[in-house]
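**Student:** Below: one structure in structure tokens.
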Amino acid sequence: RAEAEREAAQAPAVTRDGRGIEVCANVGGSEEACLAAGAGADGIGLLRSEFLFLEGDSAPGEAFQRGEYQAALEALGGKPVIIRTLDIGADKQLPYLRLPAVPNPALGVRGVRLWQSQPELLETQLRALLSVTPLASLRIMLPMVTEAGELRQVREHLEAIAAELGLSERPQLGAMIEVPSAALCAASLAVEADFLSIGTNDLTQYTLAMDREDPELAARADVLHPAVLRLIRATVEGAAGRCPVGVCGAAAGDPLAAPLLVALGVDELSVEPARVPAVKAALRRLDAAALAARLPEFLALDDAAAVRQRLGAWQARVD
Ligand code: PEP
Ligand code: MG
């Protein structure tokens, strides 16, 4: 029986109505990437590279970074690995990187915006990323993207470094959708990006103007709020098949939210490694088209609690 479960975890997830969904894993480095491969992940949907920057009293050099990225690629044996560039600012701080104290760090220079204040840090990271093999398995993802120009700018840096290194191949470059402007402008981002991945943790925070770290708001800062769901739908509709859309926030591993994300049209979910088998099992029970038919009703509800309740009732009936 354990053997059958292992086999099911490694097999692709296909919904009852025939949609193939990639179930990937969120990891903090190469060690966790090995766990993810063992758990049956179809790839890495988010490697939070800032974990490499948290140890030590200075930023890791190019060689150290390359070793970690290469090890993550090897752990997945040719499956796609999405590595997110440094996402620092607000809830994520580095002791040796003194960012100016500003009144609203969550709205400050963070994520991809660091190109304006810390270009060397990101340039070193791009060099390390471009030196892995095979580049066909690597996908580079930018955090906190607000508009398409940010992608164009990083692609220019990528091109310049790749040309200097004499590379003939290019890795895919994608954007996280975690602020409302990115969701609303998904069509223009999808022209520049090879893939989009929705970061529902931050998208929920910025849509509802509720701090993701505030324990008093934790119960209400819920991804199932109709406003957040509408932005997810806007992202999928904006991408319009031009590039794949995934979800790498905690919602992807939430047993109630994950089926709804698939019904909203996302192609990939990235979850904690230990959740991969359960999420695949849940997707195999799902009739995504039947749930999609209920979307207008869910999106018209008043708040997240109402959506949770209605969705829970639907799932209890079909399971
Ligand atoms: C997110 O915001 O949903 C996300 C996946 O990124 P992080 O949790 O690292 O901010
Ligand atoms: Mg985020």
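Following the order of the structure tokens, first chain is A, next is B, and so on, with residues numbered from 1 inside each chain and ligands from 1 in the order they appear.
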Which residues of chain A have any atom within 9 Å of an atom in ligand 1 when counting only C-alpha atoms and all ligand atoms, and what is the closest pair of atoms for each, with the distance in Å to one decimal? Order the rows by chain and rising number and write it as a tab-separated table.
**Tutor:**
```
residue	atom	partner	partner_atom_place_in_ligand_line	distance
A:Asn26	CA	ligand 1	5 (C)	8.2
A:Leu46	CA	ligand 1	5 (C)	7.4
A:Arg48	CA	ligand 1	9 (O)	6.4
A:Glu50	CA	ligand 1	9 (O)	8.9
A:Asp87	CA	ligand 1	9 (O)	7.3
A:Asp91	CA	ligand 1	10 (O)	8.2
A:Lys92	CA	ligand 1	10 (O)	8.3
A:Pro143	CA	ligand 1	6 (O)	7.6
A:Met144	CA	ligand 1	2 (O)	8.3
A:Met176	CA	ligand 1	4 (C)	8.1
A:Ile177	CA	ligand 1	2 (O)	8.5
A:Glu178	CA	ligand 1	2 (O)	5.9
A:Val179	CA	ligand 1	2 (O)	8.9
A:Ser197	CA	ligand 1	5 (C)	8.5
A:Ile198	CA	ligand 1	3 (O)	6.7
A:Gly199	CA	ligand 1	3 (O)	3.0
A:Thr200	CA	ligand 1	3 (O)	4.0
A:Asn201	CA	ligand 1	3 (O)	3.4
A:Asp202	CA	ligand 1	2 (O)	3.8
A:Leu203	CA	ligand 1	2 (O)	6.4
A:Thr204	CA	ligand 1	3 (O)	8.1
A:Gln205	CA	ligand 1	2 (O)	8.5
A:Val247	CA	ligand 1	5 (C)	7.8
A:Cys248	CA	ligand 1	5 (C)	4.8
A:Gly249	CA	ligand 1	3 (O)	3.5
A:Ala250	CA	ligand 1	3 (O)	6.4
A:Ala251	CA	ligand 1	3 (O)	8.1
A:Ser270	CA	ligand 1	5 (C)	8.8
```
**Student:** Hey, can you spit out that residue selection with N, CA and C atoms as a PDB file, in the first residue's frame?
**Tutor:**
```pdb
ATOM      1  N   ASN A  26       7.267  24.348  -3.104  1.00  0.00           N
ATOM      2  CA  ASN A  26       7.950  25.558  -2.625  1.00  0.00           C
ATOM      3  C   ASN A  26       9.094  25.117  -1.717  1.00  0.00           C
ATOM      4  N   LEU A  46       8.657  27.358  -6.667  1.00  0.00           N
ATOM      5  CA  LEU A  46       9.199  28.550  -5.997  1.00  0.00           C
ATOM      6  C   LEU A  46      10.367  28.141  -5.117  1.00  0.00           C
ATOM      7  N   ARG A  48      12.703  30.023  -2.770  1.00  0.00           N
ATOM      8  CA  ARG A  48      12.854  31.360  -2.176  1.00  0.00           C
ATOM      9  C   ARG A  48      14.336  31.599  -1.935  1.00  0.00           C
ATOM     10  N   GLU A  50      16.020  33.995  -1.035  1.00  0.00           N
ATOM     11  CA  GLU A  50      16.498  34.824   0.090  1.00  0.00           C
ATOM     12  C   GLU A  50      17.022  33.983   1.252  1.00  0.00           C
ATOM     13  N   ASP A  87      14.092  38.359  -2.704  1.00  0.00           N
ATOM     14  CA  ASP A  87      12.869  39.086  -2.324  1.00  0.00           C
ATOM     15  C   ASP A  87      13.056  39.604  -0.903  1.00  0.00           C
ATOM     16  N   ASP A  91       8.578  42.219   5.418  1.00  0.00           N
ATOM     17  CA  ASP A  91       8.678  41.090   6.346  1.00  0.00           C
ATOM     18  C   ASP A  91       9.971  40.299   6.181  1.00  0.00           C
ATOM     19  N   LYS A  92      10.760  40.567   5.126  1.00  0.00           N
ATOM     20  CA  LYS A  92      11.987  39.805   4.887  1.00  0.00           C
ATOM     21  C   LYS A  92      13.188  40.752   4.915  1.00  0.00           C
ATOM     22  N   PRO A 143      10.064  38.747  -8.064  1.00  0.00           N
ATOM     23  CA  PRO A 143       9.029  39.025  -7.052  1.00  0.00           C
ATOM     24  C   PRO A 143       8.557  40.469  -7.095  1.00  0.00           C
ATOM     25  N   MET A 144       7.324  40.698  -6.635  1.00  0.00           N
ATOM     26  CA  MET A 144       6.782  42.056  -6.457  1.00  0.00           C
ATOM     27  C   MET A 144       6.788  42.887  -7.732  1.00  0.00           C
ATOM     28  N   MET A 176       6.039  37.217 -10.715  1.00  0.00           N
ATOM     29  CA  MET A 176       5.045  36.917  -9.695  1.00  0.00           C
ATOM     30  C   MET A 176       3.925  37.937  -9.799  1.00  0.00           C
ATOM     31  N   ILE A 177       2.723  37.453  -9.577  1.00  0.00           N
ATOM     32  CA  ILE A 177       1.566  38.348  -9.536  1.00  0.00           C
ATOM     33  C   ILE A 177       1.171  38.411  -8.072  1.00  0.00           C
ATOM     34  N   GLU A 178       1.618  39.463  -7.387  1.00  0.00           N
ATOM     35  CA  GLU A 178       1.306  39.551  -5.959  1.00  0.00           C
ATOM     36  C   GLU A 178       0.895  40.948  -5.522  1.00  0.00           C
ATOM     37  N   VAL A 179       0.720  41.826  -6.498  1.00  0.00           N
ATOM     38  CA  VAL A 179       0.112  43.121  -6.190  1.00  0.00           C
ATOM     39  C   VAL A 179      -1.034  43.332  -7.184  1.00  0.00           C
ATOM     40  N   SER A 197       3.197  33.573 -11.988  1.00  0.00           N
ATOM     41  CA  SER A 197       2.885  32.770 -10.808  1.00  0.00           C
ATOM     42  C   SER A 197       2.294  33.697  -9.743  1.00  0.00           C
ATOM     43  N   ILE A 198       1.089  33.363  -9.319  1.00  0.00           N
ATOM     44  CA  ILE A 198       0.363  34.232  -8.391  1.00  0.00           C
ATOM     45  C   ILE A 198       0.816  33.956  -6.957  1.00  0.00           C
ATOM     46  N   GLY A 199       1.300  34.985  -6.296  1.00  0.00           N
ATOM     47  CA  GLY A 199       1.703  34.880  -4.886  1.00  0.00           C
ATOM     48  C   GLY A 199       0.521  35.338  -4.045  1.00  0.00           C
ATOM     49  N   THR A 200      -0.301  34.378  -3.658  1.00  0.00           N
ATOM     50  CA  THR A 200      -1.562  34.750  -2.996  1.00  0.00           C
ATOM     51  C   THR A 200      -1.354  35.327  -1.601  1.00  0.00           C
ATOM     52  N   ASN A 201      -0.191  35.056  -0.970  1.00  0.00           N
ATOM     53  CA  ASN A 201       0.037  35.618   0.374  1.00  0.00           C
ATOM     54  C   ASN A 201       0.081  37.142   0.286  1.00  0.00           C
ATOM     55  N   ASP A 202       0.930  37.637  -0.620  1.00  0.00           N
ATOM     56  CA  ASP A 202       1.027  39.089  -0.758  1.00  0.00           C
ATOM     57  C   ASP A 202      -0.162  39.667  -1.514  1.00  0.00           C
ATOM     58  N   LEU A 203      -0.684  38.938  -2.497  1.00  0.00           N
ATOM     59  CA  LEU A 203      -1.838  39.472  -3.242  1.00  0.00           C
ATOM     60  C   LEU A 203      -3.017  39.709  -2.291  1.00  0.00           C
ATOM     61  N   THR A 204      -3.195  38.820  -1.326  1.00  0.00           N
ATOM     62  CA  THR A 204      -4.267  38.996  -0.349  1.00  0.00           C
ATOM     63  C   THR A 204      -3.985  40.215   0.529  1.00  0.00           C
ATOM     64  N   GLN A 205      -2.747  40.313   0.994  1.00  0.00           N
ATOM     65  CA  GLN A 205      -2.366  41.442   1.838  1.00  0.00           C
ATOM     66  C   GLN A 205      -2.597  42.784   1.145  1.00  0.00           C
ATOM     67  N   VAL A 247       0.104  29.165  -9.197  1.00  0.00           N
ATOM     68  CA  VAL A 247      -0.081  29.803  -7.888  1.00  0.00           C
ATOM     69  C   VAL A 247       0.966  29.221  -6.950  1.00  0.00           C
ATOM     70  N   CYS A 248       1.730  30.089  -6.275  1.00  0.00           N
ATOM     71  CA  CYS A 248       2.738  29.583  -5.345  1.00  0.00           C
ATOM     72  C   CYS A 248       2.533  30.104  -3.930  1.00  0.00           C
ATOM     73  N   GLY A 249       1.421  30.776  -3.656  1.00  0.00           N
ATOM     74  CA  GLY A 249       1.127  31.191  -2.284  1.00  0.00           C
ATOM     75  C   GLY A 249       0.537  30.019  -1.512  1.00  0.00           C
ATOM     76  N   ALA A 250       0.323  30.236  -0.203  1.00  0.00           N
ATOM     77  CA  ALA A 250      -0.166  29.148   0.650  1.00  0.00           C
ATOM     78  C   ALA A 250      -1.518  28.604   0.194  1.00  0.00           C
ATOM     79  N   ALA A 251      -2.306  29.423  -0.522  1.00  0.00           N
ATOM     80  CA  ALA A 251      -3.619  28.978  -0.984  1.00  0.00           C
ATOM     81  C   ALA A 251      -3.528  27.721  -1.849  1.00  0.00           C
ATOM     82  N   SER A 270       1.928  25.310  -6.602  1.00  0.00           N
ATOM     83  CA  SER A 270       3.183  24.991  -5.924  1.00  0.00           C
ATOM     84  C   SER A 270       2.960  25.066  -4.422  1.00  0.00           C
TER      85      SER A 270
END
```
**Student:** Determine which residues of region 101-215 of chain A DSSP labels as alpha helix (DSSP H) from the backbone of this structure, then write them out as a PyMOL selection string.
**Tutor:** chain A and resi 119-130+148-164+180-184+186-192+200-208
**Student:** Next, write the just-selected residues to a file, as a tab-separated table (two decimals), in the first residue's frame, keeping C-alpha atoms as the atom set.
**Tutor:**
```tsv
chain	number	residue	atom	x	y	z
A	119	PRO	CA	21.94	46.41	-8.68
A	120	GLU	CA	25.21	44.57	-7.85
A	121	LEU	CA	23.44	42.12	-5.57
A	122	LEU	CA	20.97	41.15	-8.28
A	123	GLU	CA	23.58	41.15	-11.04
A	124	THR	CA	25.67	38.63	-9.08
A	125	GLN	CA	22.59	36.50	-8.61
A	126	LEU	CA	21.77	36.54	-12.34
A	127	ARG	CA	25.35	35.53	-13.16
A	128	ALA	CA	25.12	32.60	-10.74
A	129	LEU	CA	21.77	31.57	-12.21
A	130	LEU	CA	23.03	31.77	-15.80
A	148	ALA	CA	5.85	45.15	-17.58
A	149	GLY	CA	8.78	47.60	-17.72
A	150	GLU	CA	10.37	45.85	-14.74
A	151	LEU	CA	10.43	42.58	-16.67
A	152	ARG	CA	11.86	44.26	-19.77
A	153	GLN	CA	14.61	45.82	-17.69
A	154	VAL	CA	15.64	42.55	-16.05
A	155	ARG	CA	15.48	40.77	-19.42
A	156	GLU	CA	17.96	43.33	-20.76
A	157	HIS	CA	20.36	42.57	-17.89
A	158	LEU	CA	19.87	38.85	-18.51
A	159	GLU	CA	20.62	39.26	-22.22
A	160	ALA	CA	23.73	41.30	-21.53
A	161	ILE	CA	25.15	38.76	-19.08
A	162	ALA	CA	24.19	35.80	-21.29
A	163	ALA	CA	25.91	37.44	-24.28
A	164	GLU	CA	29.01	38.15	-22.21
A	180	PRO	CA	-3.24	44.19	-7.64
A	181	SER	CA	-1.66	46.24	-10.45
A	182	ALA	CA	0.11	43.15	-11.77
A	183	ALA	CA	-3.11	41.12	-11.73
A	184	LEU	CA	-5.00	43.89	-13.52
A	186	ALA	CA	-1.65	40.59	-16.59
A	187	ALA	CA	-2.23	40.93	-20.34
A	188	SER	CA	0.74	43.26	-20.78
A	189	LEU	CA	2.89	41.21	-18.38
A	190	ALA	CA	2.05	38.02	-20.31
A	191	VAL	CA	3.55	39.60	-23.44
A	192	GLU	CA	6.91	40.01	-21.68
A	200	THR	CA	-1.56	34.75	-3.00
A	201	ASN	CA	0.04	35.62	0.37
A	202	ASP	CA	1.03	39.09	-0.76
A	203	LEU	CA	-1.84	39.47	-3.24
A	204	THR	CA	-4.27	39.00	-0.35
A	205	GLN	CA	-2.37	41.44	1.84
A	206	TYR	CA	-2.24	44.17	-0.82
A	207	THR	CA	-5.78	43.69	-2.08
A	208	LEU	CA	-7.42	43.77	1.34
```
**Student:** For Phe298 (chain A), please output as a PyMOL selection string all residues within 9 Å (counting only C-alpha atoms; exclusion window: fewer than 5 positions along the same chain).
**Tutor:** chain A and resi 226+306-307+310-311
**Student:** Would you mind telling me which residue in A:Val14, A:Ala59, A:Ile88, A:Ala300 lies nearest to Pro259 (chain A) when using only C-alpha atoms?
**Tutor:**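 The answer is A:Val14, which sits nearest to Pro259 (chain A).
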**Student:** Neighbouring residues of region 252-258 of chain A were defined as those with any atom within 7 Å, considering only C-alpha atoms; residues of the same chain fewer than 6 positions away were excluded. Please report them as a list of chain:residue names.
**Tutor:**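 Here the answer would be A:Leu269, A:Ser270, A:Val271, A:Arg275, A:Val279, A:Gly312.
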**Student:** Can you tell me, as a PyMOL selection string, which residues in region 38-123 of chain A count as strand (DSSP E) by DSSP?
**Tutor:** chain A and resi 44-48+81-84
**Student:** Include N, CA and C atoms and write out the residues we just selected as a short mmCIF file (atom, residue, chain, number, x, y, z; two decimals), in the first residue's frame.
**Tutor:**
```
data_model
loop_
_atom_site.label_atom_id
_atom_site.label_comp_id
_atom_site.auth_asym_id
_atom_site.auth_seq_id
_atom_site.Cartn_x
_atom_site.Cartn_y
_atom_site.Cartn_z
N ILE A 44 9.97 22.42 -9.14
CA ILE A 44 9.98 23.41 -8.05
C ILE A 44 9.25 24.64 -8.59
N GLY A 45 8.19 25.03 -7.90
CA GLY A 45 7.41 26.18 -8.36
C GLY A 45 7.87 27.48 -7.73
N LEU A 46 8.66 27.36 -6.67
CA LEU A 46 9.20 28.55 -6.00
C LEU A 46 10.37 28.14 -5.12
N LEU A 47 11.58 28.55 -5.51
CA LEU A 47 12.72 28.45 -4.60
C LEU A 47 12.95 29.85 -4.08
N ARG A 48 12.70 30.02 -2.77
CA ARG A 48 12.85 31.36 -2.18
C ARG A 48 14.34 31.60 -1.93
N VAL A 81 12.63 24.00 -12.61
CA VAL A 81 12.93 24.59 -11.30
C VAL A 81 12.81 26.11 -11.41
N ILE A 82 11.84 26.67 -10.69
CA ILE A 82 11.65 28.13 -10.70
C ILE A 82 12.41 28.71 -9.51
N ILE A 83 13.40 29.52 -9.80
CA ILE A 83 14.16 30.18 -8.73
C ILE A 83 13.78 31.66 -8.72
N ARG A 84 13.31 32.11 -7.58
CA ARG A 84 12.91 33.51 -7.46
C ARG A 84 14.12 34.34 -7.07
#
```
**Student:** Set the distance at 10 Å and use only C-alpha atoms: which residues neighbour Ala288 (chain A) once local chain neighbours fewer than 4 positions away are removed? I'd like the list as a list in words.
**Tutor:**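 Here the qualifying residues turn out to be Thr15, Arg16, Asp17, Gly18, Arg19, Pro259, Leu260, Leu261, Val262, Ala263, Leu264, Gly265, Leu283, Arg284, Ala292 and Ala293 of chain A.
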**Student:** Can I get the selected residues back with C-alpha atoms, as an mmCIF file, in the first residue's frame?
**Tutor:**
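The resulting again12.cif:
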```cif
data_model
loop_
_atom_site.group_PDB
_atom_site.id
_atom_site.type_symbol
_atom_site.label_atom_id
_atom_site.label_comp_id
_atom_site.auth_asym_id
_atom_site.auth_seq_id
_atom_site.Cartn_x
_atom_site.Cartn_y
_atom_site.Cartn_z
ATOM 1 C CA THR A 15 -8.796 16.152 -12.806
ATOM 2 C CA ARG A 16 -11.919 14.066 -13.412
ATOM 3 C CA ASP A 17 -12.729 16.261 -16.376
ATOM 4 C CA GLY A 18 -9.289 15.730 -17.872
ATOM 5 C CA ARG A 19 -7.221 18.797 -16.926
ATOM 6 C CA PRO A 259 -9.684 23.153 -6.326
ATOM 7 C CA LEU A 260 -11.111 26.660 -6.706
ATOM 8 C CA LEU A 261 -7.805 27.940 -8.115
ATOM 9 C CA VAL A 262 -7.900 25.194 -10.724
ATOM 10 C CA ALA A 263 -11.533 26.040 -11.521
ATOM 11 C CA LEU A 264 -10.390 29.666 -11.979
ATOM 12 C CA GLY A 265 -8.054 28.367 -14.685
ATOM 13 C CA LEU A 283 -7.237 17.260 -7.853
ATOM 14 C CA ARG A 284 -7.944 13.724 -9.081
ATOM 15 C CA ALA A 292 -16.146 26.583 -12.585
ATOM 16 C CA ALA A 293 -19.881 26.693 -13.325
#
```
**Student:** Give me the residues near Ala274 (chain A) as a compact mmCIF listing (two decimals) with C-alpha atoms, in the first residue's frame, where near means some atom within 10 Å (using only C-alpha atoms) and where sequence neighbours in that chain fewer than 4 positions away do not count.
**Tutor:**
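Final file, selection.txt:
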```
# COMPACT_ATOMS: atom_id res chain seq x y z
CA ALA A 25 6.90 22.42 -4.49
CA LEU A 35 12.61 16.23 -0.26
CA ALA A 36 10.30 17.71 -2.88
CA GLY A 38 10.91 12.38 -3.15
CA ALA A 39 7.41 13.65 -2.36
CA GLY A 40 6.46 13.50 -6.06
CA ALA A 41 6.69 17.18 -7.01
CA GLY A 253 -1.87 23.92 -0.59
CA ALA A 278 -2.61 15.20 -0.80
CA VAL A 279 -3.03 18.04 -3.32
```
**Student:** Excluding region 170-175 of chain A and any residue of its chain fewer than 6 positions from it, enumerate the residues within 6 Å of it, using only C-alpha atoms, and give them as a list in words.
**Tutor:** Leu135, Ala136, Leu138, Arg139, Ile140, Met141, Leu142, Ala193, Asp194, Phe195 and Leu196 of chain A
